[in-house]
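Here is the file protein-v3.cif (mmCIF, C-alpha atoms).
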```cif
data_target
#
loop_
_atom_site.label_atom_id
_atom_site.label_comp_id
_atom_site.auth_asym_id
_atom_site.auth_seq_id
_atom_site.Cartn_x
_atom_site.Cartn_y
_atom_site.Cartn_z
CA MET A 1 -29.49 11.74 6.67
CA ASN A 2 -29.73 8.37 8.41
CA CYS A 3 -27.17 6.82 10.80
CA GLU A 4 -25.43 4.80 8.11
CA ASP A 5 -25.00 7.83 5.83
CA ALA A 6 -23.73 9.88 8.75
CA ARG A 7 -21.14 7.29 9.82
CA THR A 8 -19.62 7.03 6.38
CA GLN A 9 -19.04 10.79 6.61
CA PHE A 10 -17.01 10.56 9.84
CA VAL A 11 -13.65 10.63 8.08
CA ASP A 12 -14.65 13.67 5.98
CA TYR A 13 -15.82 15.32 9.20
CA TRP A 14 -12.46 14.73 10.91
CA ARG A 15 -10.61 15.85 7.81
CA GLY A 16 -12.77 18.97 7.55
CA SER A 17 -13.84 18.08 4.02
CA LEU A 18 -17.60 17.74 4.42
CA GLU A 19 -18.19 20.85 2.31
CA GLY A 20 -21.89 21.15 1.38
CA ARG A 21 -22.99 18.28 3.65
CA GLU A 22 -21.77 19.80 6.90
CA ALA A 23 -25.05 21.34 8.14
CA GLU A 24 -26.99 18.13 7.52
CA PHE A 25 -24.27 16.03 9.15
CA ARG A 26 -24.09 18.23 12.25
CA ALA A 27 -27.87 18.20 12.57
CA HIS A 28 -27.81 14.40 12.60
CA LEU A 29 -25.02 14.29 15.16
CA ALA A 30 -26.88 16.69 17.42
CA ALA A 31 -29.96 14.51 17.26
CA CYS A 32 -28.36 11.02 17.45
CA GLU A 33 -26.50 10.15 20.61
CA ARG A 34 -25.06 6.86 19.32
CA CYS A 35 -23.50 8.44 16.25
CA ARG A 36 -22.18 11.30 18.37
CA ALA A 37 -20.56 8.88 20.83
CA GLU A 38 -19.03 6.77 18.04
CA ALA A 39 -17.67 9.82 16.23
CA GLU A 40 -16.07 11.04 19.43
CA GLU A 41 -14.63 7.65 20.35
CA LEU A 42 -13.06 6.97 16.94
CA LYS A 43 -11.85 10.52 16.45
CA ASP A 44 -9.06 10.20 19.03
CA MET A 45 -7.90 6.99 17.46
CA TRP A 46 -7.95 8.59 14.00
CA SER A 47 -5.78 11.46 15.20
CA THR A 48 -3.33 9.11 16.98
CA LEU A 49 -3.18 7.13 13.74
CA GLY A 50 -2.11 10.26 11.88
CA ALA A 51 0.59 10.92 14.47
CA LEU A 52 2.27 7.52 14.06
CA PRO A 53 5.87 8.36 13.19
CA GLU A 54 7.03 7.70 9.63
CA GLU A 55 10.17 5.63 9.31
CA ASP A 56 13.15 6.44 7.14
CA PRO A 57 14.45 3.86 4.71
CA GLY A 58 18.16 2.98 4.89
CA MET A 59 20.69 5.01 2.92
CA GLN A 60 21.44 1.87 0.94
CA LEU A 61 18.10 2.23 -0.85
CA ARG A 62 19.16 5.52 -2.43
CA VAL A 63 22.58 4.22 -3.45
CA ARG A 64 21.08 1.07 -4.95
CA PHE A 65 18.47 3.08 -6.82
CA TYR A 66 21.01 5.39 -8.45
CA ASP A 67 23.32 2.50 -9.34
CA ALA A 68 20.45 0.60 -10.93
CA LEU A 69 19.24 3.70 -12.78
CA ARG A 70 22.71 4.21 -14.24
CA ASP A 71 22.81 0.57 -15.46
CA TRP A 72 19.35 0.93 -16.95
CA ARG A 73 20.34 4.06 -18.89
CA GLN A 74 23.46 2.41 -20.23
CA ARG A 75 21.40 -0.53 -21.45
CA GLU A 76 18.84 1.81 -23.04
CA ALA A 77 21.55 3.72 -24.86
CA GLU A 78 23.08 0.50 -26.18
CA ARG A 79 19.70 -0.82 -27.25
CA ARG A 80 18.98 2.31 -29.26
CA ARG A 81 22.07 1.97 -31.42
CA PRO A 82 21.11 0.90 -34.94
CA ARG A 83 22.21 -2.59 -35.92
CA TRP A 84 20.22 -3.18 -39.09
CA TRP A 85 23.24 -4.62 -40.93
CA LEU A 86 23.31 -7.56 -38.55
CA HIS A 87 20.17 -8.81 -40.29
CA HIS A 88 21.69 -8.68 -43.75
CA PRO A 89 24.47 -11.28 -43.79
CA ALA A 90 25.22 -10.65 -47.47
CA LEU A 91 26.10 -7.08 -46.70
CA GLN A 92 28.20 -7.87 -43.68
CA ALA A 93 31.60 -7.91 -45.33
CA ALA A 94 30.97 -4.76 -47.32
CA ALA A 95 29.45 -3.05 -44.33
CA ALA A 96 32.34 -4.04 -42.12
CA MET A 97 34.81 -2.58 -44.62
CA LEU A 98 32.73 0.55 -44.98
CA ILE A 99 32.45 0.97 -41.25
CA LEU A 100 36.16 0.46 -40.87
CA VAL A 101 36.93 3.13 -43.45
CA ILE A 102 34.35 5.53 -42.07
CA GLY A 103 35.47 4.75 -38.55
CA VAL A 104 39.09 5.50 -39.27
CA ALA A 105 38.20 8.65 -41.19
CA ALA A 106 35.76 9.82 -38.54
CA GLY A 107 38.24 8.98 -35.83
CA TYR A 108 40.72 11.35 -37.41
CA LEU A 109 38.14 14.00 -38.06
CA VAL A 110 36.54 14.09 -34.65
CA ARG A 111 39.48 12.99 -32.59
CA GLY A 112 38.76 13.62 -28.97
CA ARG A 113 35.11 14.18 -29.58
CA ASP A 114 32.44 11.67 -28.63
CA THR A 115 29.26 10.91 -30.45
CA SER A 116 26.45 12.93 -29.03
CA GLU A 117 24.79 9.88 -27.51
CA ILE A 118 27.86 8.71 -25.63
CA SER A 119 28.60 12.20 -24.40
CA GLN A 120 24.99 12.63 -23.36
CA LEU A 121 25.21 9.33 -21.50
CA ARG A 122 28.41 10.40 -19.84
CA GLY A 123 26.75 13.63 -18.84
CA GLU A 124 23.84 11.74 -17.34
CA VAL A 125 26.05 9.32 -15.40
CA TYR A 126 28.04 12.27 -14.23
CA ASN A 127 24.88 14.02 -13.01
CA MET A 128 23.91 10.91 -11.09
CA ARG A 129 27.26 10.82 -9.31
CA GLN A 130 27.00 14.48 -8.52
CA LEU A 131 23.51 13.97 -7.06
CA VAL A 132 24.61 10.98 -4.97
CA ALA A 133 27.73 12.79 -3.71
CA LEU A 134 25.76 15.89 -2.78
CA SER A 135 22.98 14.00 -1.05
CA LEU A 136 25.37 11.71 0.87
CA LEU A 137 27.40 14.71 2.09
CA GLN A 138 24.30 15.99 3.84
CA GLN A 139 23.52 12.85 5.80
CA GLN A 140 23.40 12.67 9.60
CA ASN A 141 25.56 9.62 9.72
CA ALA A 142 29.34 10.20 9.48
CA SER A 143 29.98 7.00 7.51
CA ASP A 144 27.40 8.07 4.90
CA ARG A 145 29.15 11.44 4.61
CA LEU A 146 32.47 9.62 4.18
CA ARG A 147 30.92 7.71 1.32
CA GLY A 148 29.73 11.03 -0.10
CA VAL A 149 33.32 12.25 -0.08
CA ASN A 150 34.37 9.07 -1.91
CA TYR A 151 31.66 9.68 -4.49
CA ALA A 152 33.12 13.17 -5.01
CA TYR A 153 36.22 11.45 -6.43
CA ARG A 154 34.08 9.96 -9.14
CA VAL A 155 32.85 13.33 -10.33
CA GLU A 156 34.94 13.65 -13.45
CA GLN A 157 34.69 17.30 -14.23
CA ASP A 158 35.56 20.18 -11.94
CA ASP A 159 32.12 20.57 -10.57
CA PRO A 160 31.46 23.82 -8.67
CA GLN A 161 28.58 22.34 -6.66
CA VAL A 162 30.58 19.34 -5.45
CA LEU A 163 33.56 21.63 -4.81
CA SER A 164 31.46 23.93 -2.66
CA ALA A 165 29.95 20.93 -0.80
CA LEU A 166 33.47 19.62 -0.10
CA LEU A 167 34.61 23.02 1.20
CA THR A 168 31.55 23.21 3.45
CA THR A 169 32.42 19.73 4.73
CA ILE A 170 36.03 20.74 5.42
CA ASN A 171 34.93 23.85 7.29
CA HIS A 172 31.89 22.61 9.16
CA ASP A 173 31.74 18.83 9.41
CA PRO A 174 31.84 17.75 13.09
CA ASN A 175 33.77 14.56 12.29
CA VAL A 176 37.56 14.76 11.85
CA ASN A 177 37.75 11.69 9.60
CA VAL A 178 35.18 13.12 7.23
CA ARG A 179 37.05 16.45 7.13
CA LEU A 180 40.36 14.68 6.45
CA ALA A 181 38.84 12.67 3.61
CA ALA A 182 37.33 15.86 2.19
CA VAL A 183 40.77 17.56 2.21
CA ASP A 184 42.14 14.62 0.20
CA ALA A 185 39.21 14.68 -2.20
CA LEU A 186 39.69 18.42 -2.74
CA HIS A 187 43.02 17.65 -4.41
CA LYS A 188 41.36 17.07 -7.75
CA PHE A 189 39.71 20.48 -7.58
CA THR A 190 42.88 22.41 -6.88
CA ASP A 191 43.37 23.23 -10.56
CA GLN A 192 40.73 25.82 -9.95
CA PRO A 193 41.53 29.04 -8.07
CA VAL A 194 38.37 28.56 -5.97
CA GLY A 195 39.62 25.16 -4.79
CA ARG A 196 43.06 26.55 -3.84
CA ARG A 197 41.64 29.59 -2.11
CA GLY A 198 39.13 27.42 -0.27
CA LEU A 199 42.00 25.32 1.01
CA GLU A 200 43.88 28.40 2.28
CA GLN A 201 40.81 29.75 4.01
CA ALA A 202 40.03 26.39 5.60
CA LEU A 203 43.50 26.36 7.17
CA ALA A 204 42.63 29.22 9.51
CA LYS A 205 39.21 27.83 10.36
CA GLN A 206 40.36 24.36 11.40
CA ALA A 207 40.46 23.40 15.06
CA SER A 208 41.95 19.97 14.45
CA PRO A 209 45.77 19.78 14.10
CA LEU A 210 45.42 16.64 11.95
CA VAL A 211 43.32 18.45 9.38
CA GLN A 212 45.56 21.54 9.49
CA ILE A 213 48.61 19.40 8.77
CA ALA A 214 46.82 17.64 5.91
CA ILE A 215 45.96 21.03 4.40
CA LEU A 216 49.54 22.27 4.80
CA ASP A 217 50.86 19.15 3.05
CA GLN A 218 48.43 19.65 0.22
CA ILE A 219 49.51 23.31 -0.19
CA VAL A 220 53.16 22.25 -0.35
CA GLU A 221 52.36 19.56 -2.88
CA LEU A 222 50.61 22.14 -5.05
CA ARG A 223 53.55 24.56 -4.62
CA ASP A 224 50.95 27.23 -4.07
CA ARG A 225 52.99 30.29 -3.12
CA SER A 226 49.94 32.48 -2.76
CA ALA A 227 49.08 30.50 0.36
CA ALA A 228 52.11 31.86 2.23
CA PRO A 229 50.19 34.69 4.00
CA ALA A 230 47.60 32.18 5.23
CA ILE A 231 50.40 30.00 6.68
CA GLN A 232 52.00 33.06 8.25
CA SER A 233 48.75 33.92 9.98
CA VAL A 234 48.56 30.39 11.42
CA LEU A 235 52.10 30.81 12.75
CA SER A 236 51.29 34.16 14.30
CA SER A 237 48.16 32.93 16.12
CA GLN A 238 48.52 32.42 19.87
CA ASN A 239 47.22 28.98 20.58
CA VAL A 240 48.51 27.00 17.65
CA ASN A 241 49.42 23.36 18.22
CA PRO A 242 53.27 22.80 18.34
CA ASP A 243 53.14 20.11 15.64
CA VAL A 244 51.13 22.38 13.38
CA ARG A 245 53.57 25.24 14.04
CA GLN A 246 56.48 23.03 13.06
CA ARG A 247 54.73 21.82 9.94
CA ALA A 248 53.77 25.37 8.95
CA LYS A 249 57.39 26.52 9.26
CA TRP A 250 58.46 23.58 7.12
CA ALA A 251 55.74 24.39 4.58
CA LEU A 252 56.88 28.01 4.31
CA LYS A 253 60.44 26.88 3.72
CA GLN A 254 59.30 24.51 0.99
CA LEU A 255 57.36 27.25 -0.75
CA GLN A 256 60.27 29.69 -0.86
CA MET B 1 6.33 11.73 -15.14
CA GLN B 2 5.73 13.27 -18.56
CA ALA B 3 9.50 13.71 -18.89
CA VAL B 4 10.17 10.08 -17.92
CA ARG B 5 7.57 8.93 -20.41
CA SER B 6 9.14 10.89 -23.22
CA GLY B 7 12.53 9.31 -22.54
CA ASP B 8 14.20 11.53 -19.94
CA LEU B 9 15.15 8.76 -17.51
CA GLY B 10 16.97 11.24 -15.25
CA ALA B 11 13.58 12.66 -14.29
CA LEU B 12 12.93 9.38 -12.47
CA ALA B 13 15.44 10.55 -9.85
CA ILE B 14 13.14 13.47 -9.05
CA LEU B 15 10.16 11.14 -8.67
CA PHE B 16 12.29 8.88 -6.48
CA GLU B 17 13.33 11.71 -4.20
CA ARG B 18 9.73 12.89 -3.90
CA HIS B 19 8.00 9.58 -3.25
CA HIS B 20 10.41 6.91 -1.98
CA ARG B 21 9.84 7.64 1.71
CA SER B 22 6.04 7.46 1.53
CA LEU B 23 6.26 4.33 -0.58
CA PHE B 24 8.63 2.76 1.92
CA ASN B 25 6.18 3.50 4.74
CA TYR B 26 3.28 2.19 2.65
CA PHE B 27 5.03 -1.16 2.26
CA LEU B 28 6.27 -1.18 5.83
CA HIS B 29 2.71 -0.79 7.14
CA LEU B 30 1.60 -3.65 4.94
CA ASN B 31 4.39 -6.16 5.53
CA GLY B 32 6.26 -4.98 8.62
CA ASN B 33 9.63 -5.86 7.07
CA ARG B 34 12.17 -3.11 6.36
CA ASP B 35 14.38 -5.06 3.94
CA LEU B 36 11.46 -6.34 1.94
CA SER B 37 9.93 -2.85 1.86
CA GLU B 38 13.15 -1.34 0.51
CA ASP B 39 13.30 -4.01 -2.21
CA LEU B 40 9.70 -3.30 -3.14
CA VAL B 41 10.31 0.47 -3.35
CA GLN B 42 13.17 -0.23 -5.75
CA ASP B 43 10.92 -2.53 -7.78
CA VAL B 44 8.18 0.12 -8.02
CA PHE B 45 10.54 2.60 -9.67
CA PHE B 46 11.80 0.08 -12.15
CA ARG B 47 8.30 -0.97 -13.06
CA ILE B 48 7.56 2.72 -13.60
CA LEU B 49 10.45 2.79 -16.07
CA LYS B 50 9.45 -0.44 -17.71
CA TYR B 51 5.81 0.48 -18.15
CA ARG B 52 6.26 4.23 -18.63
CA GLN B 53 4.57 4.12 -22.02
CA SER B 54 1.35 2.90 -20.41
CA TYR B 55 1.11 5.96 -18.17
CA GLN B 56 -1.79 8.20 -19.20
CA ARG B 57 -1.16 11.87 -18.66
CA GLU B 58 -4.68 12.64 -17.46
CA ARG B 59 -4.32 10.21 -14.53
CA PRO B 60 -2.86 11.41 -11.24
CA PHE B 61 0.67 10.06 -10.95
CA ALA B 62 0.29 9.01 -7.29
CA ALA B 63 -2.66 6.78 -8.15
CA TRP B 64 -0.72 5.07 -10.93
CA MET B 65 2.34 4.62 -8.72
CA TYR B 66 0.34 3.12 -5.84
CA GLN B 67 -1.40 0.81 -8.25
CA ILE B 68 2.01 -0.55 -9.24
CA ALA B 69 3.02 -0.70 -5.57
CA ARG B 70 -0.15 -2.55 -4.74
CA ASN B 71 0.39 -5.18 -7.40
CA LEU B 72 3.94 -5.73 -6.22
CA ASN B 73 2.74 -6.10 -2.66
CA VAL B 74 0.12 -8.63 -3.69
CA ASP B 75 2.88 -10.62 -5.43
CA SER B 76 5.04 -10.59 -2.32
CA VAL B 77 2.24 -11.51 0.11
CA GLY B 78 2.07 -15.20 0.81
CA LYS B 79 5.82 -15.46 0.61
CA ARG B 80 6.04 -13.83 4.01
CA GLN B 81 3.88 -13.18 7.02
CA PHE B 82 3.46 -9.78 8.58
CA GLU B 83 6.15 -9.17 11.13
CA VAL B 84 5.49 -6.84 14.03
CA SER B 85 8.72 -5.29 15.16
CA LEU B 86 9.81 -6.58 18.56
CA GLY B 87 9.65 -3.19 20.18
CA ASP B 88 5.90 -3.03 19.73
CA LYS B 89 5.07 -6.40 21.20
CA GLU B 90 5.52 -5.72 24.85
CA PHE B 91 4.73 -2.57 26.70
CA PRO B 92 5.31 -2.68 30.44
CA ALA B 93 2.18 -2.33 32.58
CA VAL B 94 2.81 0.83 34.53
CA ASN B 95 0.83 3.52 36.18
CA LEU B 96 -0.43 5.90 33.53
CA MET B 97 0.58 9.03 35.38
CA ASP B 98 2.92 10.23 32.71
CA GLU B 99 1.13 11.75 29.66
CA ASN B 100 4.05 11.02 27.43
CA LEU B 101 4.13 7.39 28.41
CA LYS B 102 0.41 7.16 27.96
CA ARG B 103 0.77 8.53 24.46
CA LYS B 104 3.51 6.03 23.73
CA GLN B 105 1.31 3.21 24.91
CA GLU B 106 -1.54 4.39 22.72
CA VAL B 107 0.79 4.45 19.74
CA GLY B 108 2.06 0.96 20.60
CA LEU B 109 -1.47 -0.38 20.97
CA LEU B 110 -2.50 1.21 17.73
CA LYS B 111 0.43 -0.35 15.88
CA ARG B 112 -0.54 -3.73 17.25
CA ALA B 113 -4.15 -3.17 16.30
CA MET B 114 -3.06 -2.18 12.75
CA ALA B 115 -1.00 -5.35 12.49
CA ARG B 116 -4.06 -7.45 13.37
CA LEU B 117 -6.30 -5.72 10.84
CA PRO B 118 -6.95 -7.67 7.62
CA LEU B 119 -4.65 -6.56 4.80
CA ASP B 120 -7.34 -4.89 2.66
CA LYS B 121 -8.57 -2.74 5.54
CA ARG B 122 -5.05 -1.90 6.65
CA GLU B 123 -4.20 -0.82 3.12
CA LEU B 124 -7.22 1.50 2.97
CA LEU B 125 -6.13 3.20 6.19
CA VAL B 126 -2.55 3.53 4.98
CA LEU B 127 -3.69 5.16 1.74
CA SER B 128 -6.28 7.44 3.29
CA ARG B 129 -4.58 8.36 6.57
CA PHE B 130 -0.83 8.03 6.10
CA GLN B 131 -0.58 8.85 2.41
CA ASN B 132 -3.46 11.35 2.66
CA LEU B 133 -4.92 10.33 -0.68
CA LYS B 134 -8.38 11.51 -1.67
CA TYR B 135 -11.23 9.02 -2.12
CA GLU B 136 -11.08 9.59 -5.87
CA GLU B 137 -7.38 8.71 -5.97
CA ILE B 138 -7.88 5.59 -3.85
CA ALA B 139 -10.78 4.64 -6.09
CA ALA B 140 -8.48 4.88 -9.12
CA ILE B 141 -5.96 2.60 -7.39
CA LEU B 142 -8.51 0.02 -6.31
CA GLY B 143 -10.60 0.21 -9.46
CA CYS B 144 -13.90 1.15 -7.82
CA ASP B 145 -15.87 4.36 -7.28
CA ALA B 146 -15.23 7.02 -4.66
CA GLY B 147 -18.52 6.34 -2.83
CA ALA B 148 -17.49 2.73 -2.25
CA VAL B 149 -14.11 3.88 -0.95
CA ARG B 150 -15.80 6.21 1.55
CA VAL B 151 -17.86 3.31 2.96
CA ARG B 152 -14.88 0.95 3.05
CA VAL B 153 -12.64 3.49 4.80
CA TYR B 154 -15.29 3.96 7.47
CA ARG B 155 -15.55 0.18 7.93
CA ALA B 156 -11.78 -0.08 8.23
CA VAL B 157 -11.74 2.66 10.89
CA ARG B 158 -14.48 0.89 12.82
CA ALA B 159 -12.73 -2.49 12.57
CA LEU B 160 -9.50 -0.92 13.78
CA GLY B 161 -11.42 0.72 16.63
CA GLN B 162 -12.84 -2.64 17.71
CA ILE B 163 -9.41 -4.28 17.84
CA TYR B 164 -7.86 -1.24 19.47
CA PHE B 165 -10.43 -1.01 22.27
CA GLU B 166 -10.27 -4.78 22.78
CA LEU B 167 -6.49 -4.57 23.26
CA ALA B 168 -6.90 -1.57 25.55
CA GLY B 169 -9.49 -3.53 27.55
CA GLU B 170 -7.14 -6.53 27.89
CA ARG B 171 -4.47 -4.19 29.19
CA ALA B 172 -6.81 -2.57 31.69
CA SER B 173 -8.15 -5.87 33.08
#
```

What is this file in structure tokens?
Amino acid sequence: MNCEDARTQFVDYWRGSLEGREAEFRAHLAACERCRAEAEELKDMWSTLGALPEEDPGMQLRVRFYDALRDWRQREAERRRPRWWLHHPALQAAAAMLILVIGVAAGYLVRGRDTSEISQLRGEVYNMRQLVALSLLQQQNASDRLRGVNYAYRVEQDDPQVLSALLTTINHDPNVNVRLAAVDALHKFTDQPVGRRGLEQALAKQASPLVQIAILDQIVELRDRSAAPAIQSVLSSQNVNPDVRQRAKWALKQLQ
Amino acid sequence: MQAVRSGDLGALAILFERHHRSLFNYFLHLNGNRDLSEDLVQDVFFRILKYRQSYQRERPFAAWMYQIARNLNVDSVGKRQFEVSLGDKEFPAVNLMDENLKRKQEVGLLKRAMARLPLDKRELLVLSRFQNLKYEEIAAILGCDAGAVRVRVYRAVRALGQIYFELAGERAS
């Protein structure tokens, strides 16, 4: 192995990927002082290069990507719809009548049901929103998490994953504003027993009077009588905030 | 990528989550501009969608993706000059007693040296060192053979070393 061959192997040597050439390479290094010195000198720089910190792109990139992906899918779905009759002007009138008749008949027959493509598209858009909501709720930045809560509103179905993420936010998020927004967003999930029970349980766990009051209001609005024991336990705790105590008493009265 | 190719556009979200950060850093090392790099990352994924039929399953996905990224970068070069972020321009001359500070200065010097390196060499280092791609993968991106990549990576390391030690010398004198 000559000097030039050896030098082009430096990177493999630092990476530990010399494999079968290692013995020959090391023999050259032992014999050639210049190559040895160069390998040593550049090695430190190579390792510092690998330790350069990676930067994170802004949150906006993710949001923009998912928005654009949704638009793209809508366009694709529209493009795939057959429109052969557009190219046959002579058939247009007949086709229009036929479509009208079929449309009306089909409308009656499958009332409330979508075509598979539209419902698939809806499902996909829905999945996107769910993904964005879930990923935003886990961000470091409070304003990103707030946006995650707002995205949770756009989840159309009662989604257990988004529901559980919202409950986690209510119970554990360090920021009061985010917790308050999550309590509001939970409203659409309160048709489910899990949502209502989550709300009751969160009442006891809250340290912030503002959030406690928001939860109490929500319970009253739902007329959820099963929450009465949870409110009682707030009233019986020692260090409850006077405003919260007052609101809890009022809530109990409303539920009776 | 197979799923995206066969029409499951939702699978692109998985590819995005897996690769967008490395792509962002790839562009950032090449152009030094965060906004531009974010735009380019977005463009890469939509070119992947647009040209998904041309993806060949036997090719490594990363190589194909970086080839797209590379073309986009070439298109954007010339419109803008490389911008070194302000924080890297000036490092105060202080006594190098503190190891941490010394390390920081080395990193700062190295960033400056990278910024001065010609684009083709810088790109080779980004692909081989930051993105940890194998010579074969880089060869597929650049359209040459792995042996040539090995030689070019070494030359890029040496060129970076020259600039780096020059800058370190200026600082010391």

Practice problem: Can you work out which one of B:Ala3, B:Ala113, B:Ala13, B:Leu23 has the shortest atom-to-atom distance to A:Asp67, counting only C-alpha atoms? | Solution: B:Ala13

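Residue-level contacts from chain A to chain B at 7 Å, counting only C-alpha atoms, read Thr8, Val11, Leu42, Thr48, Gly50, Leu52, Glu54, Glu55, Asp56, Pro57, Leu61 and Phe65 of chain A.
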
Quiz item: What would the list of residues within 12 Å of (0.8, 8.4, -11.4) (file frame) look like as a ChimeraX atom specification, if only C-alpha atoms are what count?
Solution: /B:1-2,4-5,15,19,44-45,48,51-52,54-69,137-138,140-141

Quiz prompt | Output of the PyMOL selection byres ((chain A and resi 179) around 12), listed as a VMD selection string | solution = chain A and resid 137 142 to 143 145 to 146 148 to 150 165 to 178 180 to 186 199 202 to 203 206 to 212 214 to 215

Exercise. Could you tell me which residues the PyMOL selection byres ((chain A and resi 161) around 12) returns for this structure, as a VMD selection string?
Key: chain A and resid 127 129 to 131 133 to 135 137 152 155 157 to 160 162 to 168 189 194 to 195

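Atom CA of A:Trp14 is found 9.9 Å from atom CA of A:Asp44.
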
Practice problem: Kindly give the distance, in Å, that separates atom CA of B:Gly32 and atom CA of B:Ser76, rounded to a single decimal. | Solution: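 Atom CA of B:Ser76 lies 12.4 Å from atom CA of B:Gly32.
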
Quiz item: How many Å separate atom CA of A:Gln218 from atom CA of A:Leu235?
Solution: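 Value for the atom CA of A:Gln218-atom CA of A:Leu235 distance: 17.2 Å.
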
Quiz item: Counting all atoms listed in the file, what is within 8 Å of A:Arg7, bar same-chain residues fewer than 4 positions away, as an NGL selection string?
Solution: (:A and (3 or 35 or 39)) or (:B and (154))

Quiz item: Mind telling me what the PyMOL selection byres ((chain A and resi 242-251) around 10) catches here, as a PyMOL selection string?
Solution: chain A and resi 208-214+216-221+223+227-228+230-237+239-241+252-256
